[in-house]
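Enquirer: Sharing query-v5.cif (mmCIF, C-alpha atoms) below.
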data_final
#
loop_
_atom_site.label_atom_id
_atom_site.label_comp_id
_atom_site.auth_asym_id
_atom_site.auth_seq_id
_atom_site.Cartn_x
_atom_site.Cartn_y
_atom_site.Cartn_z
CA MET D 967 82.49 107.52 79.97
CA TYR D 968 85.78 108.96 78.80
CA GLY D 969 86.50 112.42 80.08
CA PRO D 970 88.63 115.21 78.63
CA PRO D 971 91.46 116.63 80.78
CA ASP D 972 89.08 119.15 82.35
CA ALA D 973 86.44 116.51 83.15
CA PHE D 974 84.23 117.23 86.11
CA LEU D 975 85.23 115.46 89.30
CA GLN D 976 81.77 113.91 89.53
CA ASN D 977 82.16 112.35 86.09
CA ALA D 978 85.58 110.96 86.89
CA LEU D 979 84.34 109.51 90.18
CA THR D 980 81.02 107.96 89.35
CA ASN D 981 80.77 107.57 85.61
CA SER D 982 84.25 106.71 84.43
CA THR D 983 84.31 103.14 83.24
CA ASP D 984 88.08 103.49 82.91
CA TYR D 985 88.47 104.22 86.62
CA GLN D 986 86.21 101.32 87.57
CA ARG D 987 88.14 99.03 85.24
CA HIS D 988 91.42 100.24 86.72
CA LEU D 989 90.27 99.48 90.26
CA LYS D 990 88.94 96.07 89.30
CA ALA D 991 92.08 95.25 87.32
CA SER D 992 94.11 96.18 90.39
CA GLY D 993 92.38 93.36 92.24
CA ARG D 994 90.08 95.52 94.31
CA SER D 995 87.13 93.75 95.89
CA LYS D 996 83.56 94.94 95.55
CA ALA D 997 83.67 96.17 99.16
CA THR D 998 86.78 98.20 98.35
CA LEU D 999 85.11 99.71 95.30
CA VAL D 1000 82.15 100.72 97.46
CA SER D 1001 84.50 102.17 100.10
CA TYR D 1002 86.46 104.17 97.52
CA GLY D 1003 83.22 105.45 96.02
CA SER D 1004 81.84 106.61 99.38
CA LYS D 1005 85.09 108.34 100.40
CA LEU D 1006 85.32 110.12 97.05
CA LYS D 1007 81.67 111.15 97.32
CA MET D 1008 82.49 112.81 100.66
CA LEU D 1009 85.06 114.90 98.81
CA VAL D 1010 82.61 115.85 96.08
CA ASP D 1011 80.08 116.84 98.77
CA ARG D 1012 82.63 119.26 100.24
CA LEU D 1013 84.07 120.70 97.05
CA GLY D 1014 80.94 120.78 94.93
CA ASN D 1015 81.58 119.61 91.40
CA PRO D 1016 84.59 121.60 90.16
CA ARG D 1017 86.77 120.69 87.24
CA LEU D 1018 89.78 118.66 88.30
CA ASP D 1019 92.18 121.44 87.35
CA ARG D 1020 90.44 123.78 89.81
CA ILE D 1021 91.05 121.57 92.83
CA SER D 1022 94.08 122.93 94.65
CA GLY D 1023 96.05 121.40 97.47
CA ASN D 1024 94.62 124.09 99.76
CA LYS D 1025 91.02 123.22 98.86
CA LEU D 1026 91.75 119.54 99.35
CA ASN D 1027 93.38 120.22 102.74
CA ALA D 1028 90.37 122.26 103.85
CA ALA D 1029 88.04 119.41 102.88
CA LEU D 1030 90.19 116.93 104.82
CA VAL D 1031 90.10 119.13 107.92
CA GLU D 1032 86.31 119.32 107.65
CA LEU D 1033 86.13 115.54 107.44
CA GLU D 1034 88.48 115.00 110.36
CA GLU D 1035 86.76 117.49 112.62
CA GLY D 1036 83.34 116.05 111.90
CA GLN D 1037 81.93 119.05 110.10
CA ASP D 1038 79.80 116.67 108.08
CA GLY D 1039 77.26 116.06 110.81
CA GLY D 1040 79.38 115.94 113.92
CA ARG D 1041 81.07 112.63 113.18
CA LEU D 1042 84.71 112.78 114.26
CA ARG D 1043 87.09 110.51 112.40
CA CYS D 1044 90.02 108.70 113.99
CA PRO D 1045 93.56 109.12 112.57
CA ASN D 1046 93.52 105.68 110.96
CA THR D 1047 90.30 106.46 109.09
CA MET D 1048 91.75 109.78 107.95
CA ASN D 1049 94.83 107.95 106.64
CA GLN D 1050 92.54 105.66 104.66
CA ILE D 1051 90.72 108.67 103.21
CA ARG D 1052 94.00 110.45 102.36
CA SER D 1053 95.31 107.30 100.70
CA ILE D 1054 92.19 106.93 98.56
CA TYR D 1055 92.42 110.58 97.48
CA ARG D 1056 96.10 110.21 96.65
CA LEU D 1057 95.42 107.13 94.52
CA PHE D 1058 92.49 108.76 92.75
CA PHE D 1059 94.24 112.03 91.90
CA ALA D 1060 97.43 110.24 90.85
CA TRP D 1061 95.31 108.12 88.49
CA CYS D 1062 93.57 111.24 87.13
CA HIS D 1063 96.91 112.94 86.53
CA LYS D 1064 98.51 109.86 84.99
CA THR D 1065 95.62 109.30 82.60
CA GLY D 1066 95.45 112.96 81.53
CA ARG D 1067 92.17 113.77 83.26
CA GLY D 1068 93.85 116.27 85.60
CA LYS D 1069 96.57 118.70 84.64
CA ARG D 1070 98.17 118.46 88.08
CA ASN D 1071 97.91 116.31 91.17
CA PRO D 1072 96.63 118.27 94.20
CA THR D 1073 97.67 115.42 96.51
CA ALA D 1074 101.34 115.54 95.48
CA ASN D 1075 102.35 116.92 98.90
CA LEU D 1076 99.69 115.11 100.94
CA GLU D 1077 101.27 112.78 103.49
CA LEU D 1078 99.82 110.13 105.74
CA SER D 1079 100.18 110.55 109.48
CA HIS D 1080 102.12 108.01 111.50
CA GLN D 1081 99.96 105.97 113.84
CA ASP D 1082 101.00 103.56 116.55
CA TYR D 1083 99.04 100.37 116.25
CA THR D 1084 98.08 98.22 119.21
CA LYS D 1085 98.92 94.62 118.54
CA THR D 1086 96.01 92.36 119.38
CA SER D 1087 96.33 88.70 120.00
CA PRO D 1088 93.79 86.47 118.29
CA THR D 1089 91.27 84.45 120.21
CA THR D 1090 91.94 80.77 119.82
CA PRO D 1091 89.14 78.29 119.05
CA GLU D 1092 89.70 76.73 122.49
CA GLU D 1093 89.18 80.11 124.18
CA VAL D 1094 85.95 80.62 122.26
CA ARG D 1095 84.75 77.13 123.24
CA MET D 1096 85.53 77.86 126.90
CA PHE D 1097 83.67 81.17 126.67
CA LEU D 1098 80.59 79.55 125.12
CA GLN D 1099 80.69 76.72 127.65
CA THR D 1100 80.84 79.22 130.51
CA ILE D 1101 77.76 80.96 129.14
CA ALA D 1102 75.92 77.67 128.64
CA LEU D 1103 76.67 76.52 132.20
CA SER D 1104 75.80 79.82 133.84
CA ASP D 1105 72.57 80.41 135.72
CA GLU D 1106 71.84 83.45 133.59
CA ARG D 1107 68.32 83.14 132.17
CA LEU D 1108 69.43 84.32 128.72
CA SER D 1109 72.20 81.71 128.47
CA LYS D 1110 69.76 79.18 126.97
CA ARG D 1111 68.29 81.69 124.55
CA ASP D 1112 70.14 80.58 121.41
CA PRO D 1113 71.75 77.17 121.81
CA SER D 1114 72.18 76.92 118.05
CA ALA D 1115 74.93 79.57 118.26
CA CYS D 1116 77.14 77.06 120.05
CA LEU D 1117 76.38 74.38 117.47
CA ARG D 1118 77.10 76.73 114.56
CA TYR D 1119 80.47 77.57 116.08
CA GLU D 1120 81.34 73.90 116.62
CA PHE D 1121 80.66 73.04 112.98
CA HIS D 1122 82.44 76.07 111.48
CA SER D 1123 85.45 76.45 113.75
CA PRO D 1124 88.88 75.79 112.20
#
Let me see whether you can do it: turn the structure in this file into structure tokens.
Expert:
Amino acid sequence: MYGPPDAFLQNALTNSTDYQRHLKASGRSKATLVSYGSKLKMLVDRLGNPRLDRISGNKLNAALVELEEGQDGGRLRCPNTMNQIRSIYRLFFAWCHKTGRGKRNPTANLELSHQDYTKTSPTTPEEVRMFLQTIALSDERLSKRDPSACLRYEFHSP
């Protein structure tokens, strides 16, 4: 569905074949498309269904605070998740503005927060084998519960 510049947010989010084509053409996976859709639906749930030109930066910020503080059922969101949500909103509104669906971009001043990431070291196949062997050799009664798990790992490990 092609929307005029004052298209409803709901139409642009869920019914726009152009937006779906854009995301697919950008190499987005099906899981990413589903993720974008769910994050944008959270915004629609907070703002109602206003025209794009009626969504201000202040309204968007208020919706983001509600999401972060868990005002959607008590579910608090970590800073990394909020950065993902902000990023999706920035991409969406930039696309709406660029394609003429929105007269302005309410995310123009929206910034991501800086997060320190903990570097994790990967588990090697040998460490996994040792772990599974320890379980198999233990006296724990549940250690023999699913011996096929060890076989599946042996056949599929790199």
Enquirer: Rank nothing, just name the residue among D:Val1031, D:Cys1062, D:Leu1103, D:Leu1078 nearest to Arg1017 of chain D, using all atoms listed in the file.
Expert: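 So, comparing all the options, the nearest one is D:Cys1062.
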Enquirer: Could you check the closest approach to Asp984 of chain D for each of D:Arg1020, D:Gln1037, D:Asp1011, D:Arg1067 and tell me which residue wins, using all atoms listed in the file?
Expert: D:Arg1067
Enquirer: Looking at D:Ala1074, D:Pro1045, D:Pro1088, D:Ser1001, which one is nearest to Leu989 of chain D, with distances taken over all atoms listed in the file?
Expert: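 Among the listed residues, D:Ser1001 lies closest to Leu989 of chain D.
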Enquirer: Would you work out the distance separating atom CA of Leu1030 of chain D from atom CA of Thr1065 of chain D, expressed in Å to one decimal?
Expert: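 Answer for the atom CA of Leu1030 of chain D to atom CA of Thr1065 of chain D separation: 24.1 Å.
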Enquirer: Could you expand the PyMOL selection byres ((chain D and resi 1052) around 9) into the explicit residues it covers here, written as a list in words?
Expert: Leu1030, Thr1047, Met1048, Asn1049, Gln1050, Ile1051, Ser1053, Ile1054, Tyr1055, Arg1056, Leu1057, Thr1073, Leu1076, Glu1077 and Leu1078 of chain D
Enquirer: Specify as a list in words each residue included when the PyMOL selection byres ((chain D and resi 1043) around 6) is applied to this file.
Expert: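 So the PyMOL selection byres ((chain D and resi 1043) around 6), applied here, picks out Glu1034, Leu1042 and Cys1044 of chain D.
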Enquirer: Can you tell me, as a ChimeraX atom specification, which residues sit within 6 Å of (95.2, 116.6, 88.3) in the file's frame, using all atoms listed in the file?
Expert: /D:1018-1019,1059,1062-1063,1068-1071
Enquirer: In Å, rounded to a single decimal, give me how far atom CA of Phe1058 of chain D is from atom CA of Leu1026 of chain D.
Expert: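 According to the coordinates, atom CA of Leu1026 of chain D and atom CA of Phe1058 of chain D are separated by 12.7 Å.
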Enquirer: Between D:Asn1024, D:Thr1100, D:Thr1086, D:Asn1046, which residue has the minimum interatomic distance to Pro1072 of chain D, considering all atoms listed in the file?
Expert: D:Asn1024
Enquirer: Could you please determine the separation between atom CA of Leu1009 of chain D and atom CA of Gly1023 of chain D in Å, to one decimal place?
Expert: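 So the answer is 12.8 Å.
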Enquirer: Check the smallest atom-to-atom distance from each of D:His1080, D:Lys1025, D:Lys1064, D:His988 to Val1010 of chain D using only C-alpha atoms, then report the winner.
Expert: D:Lys1025
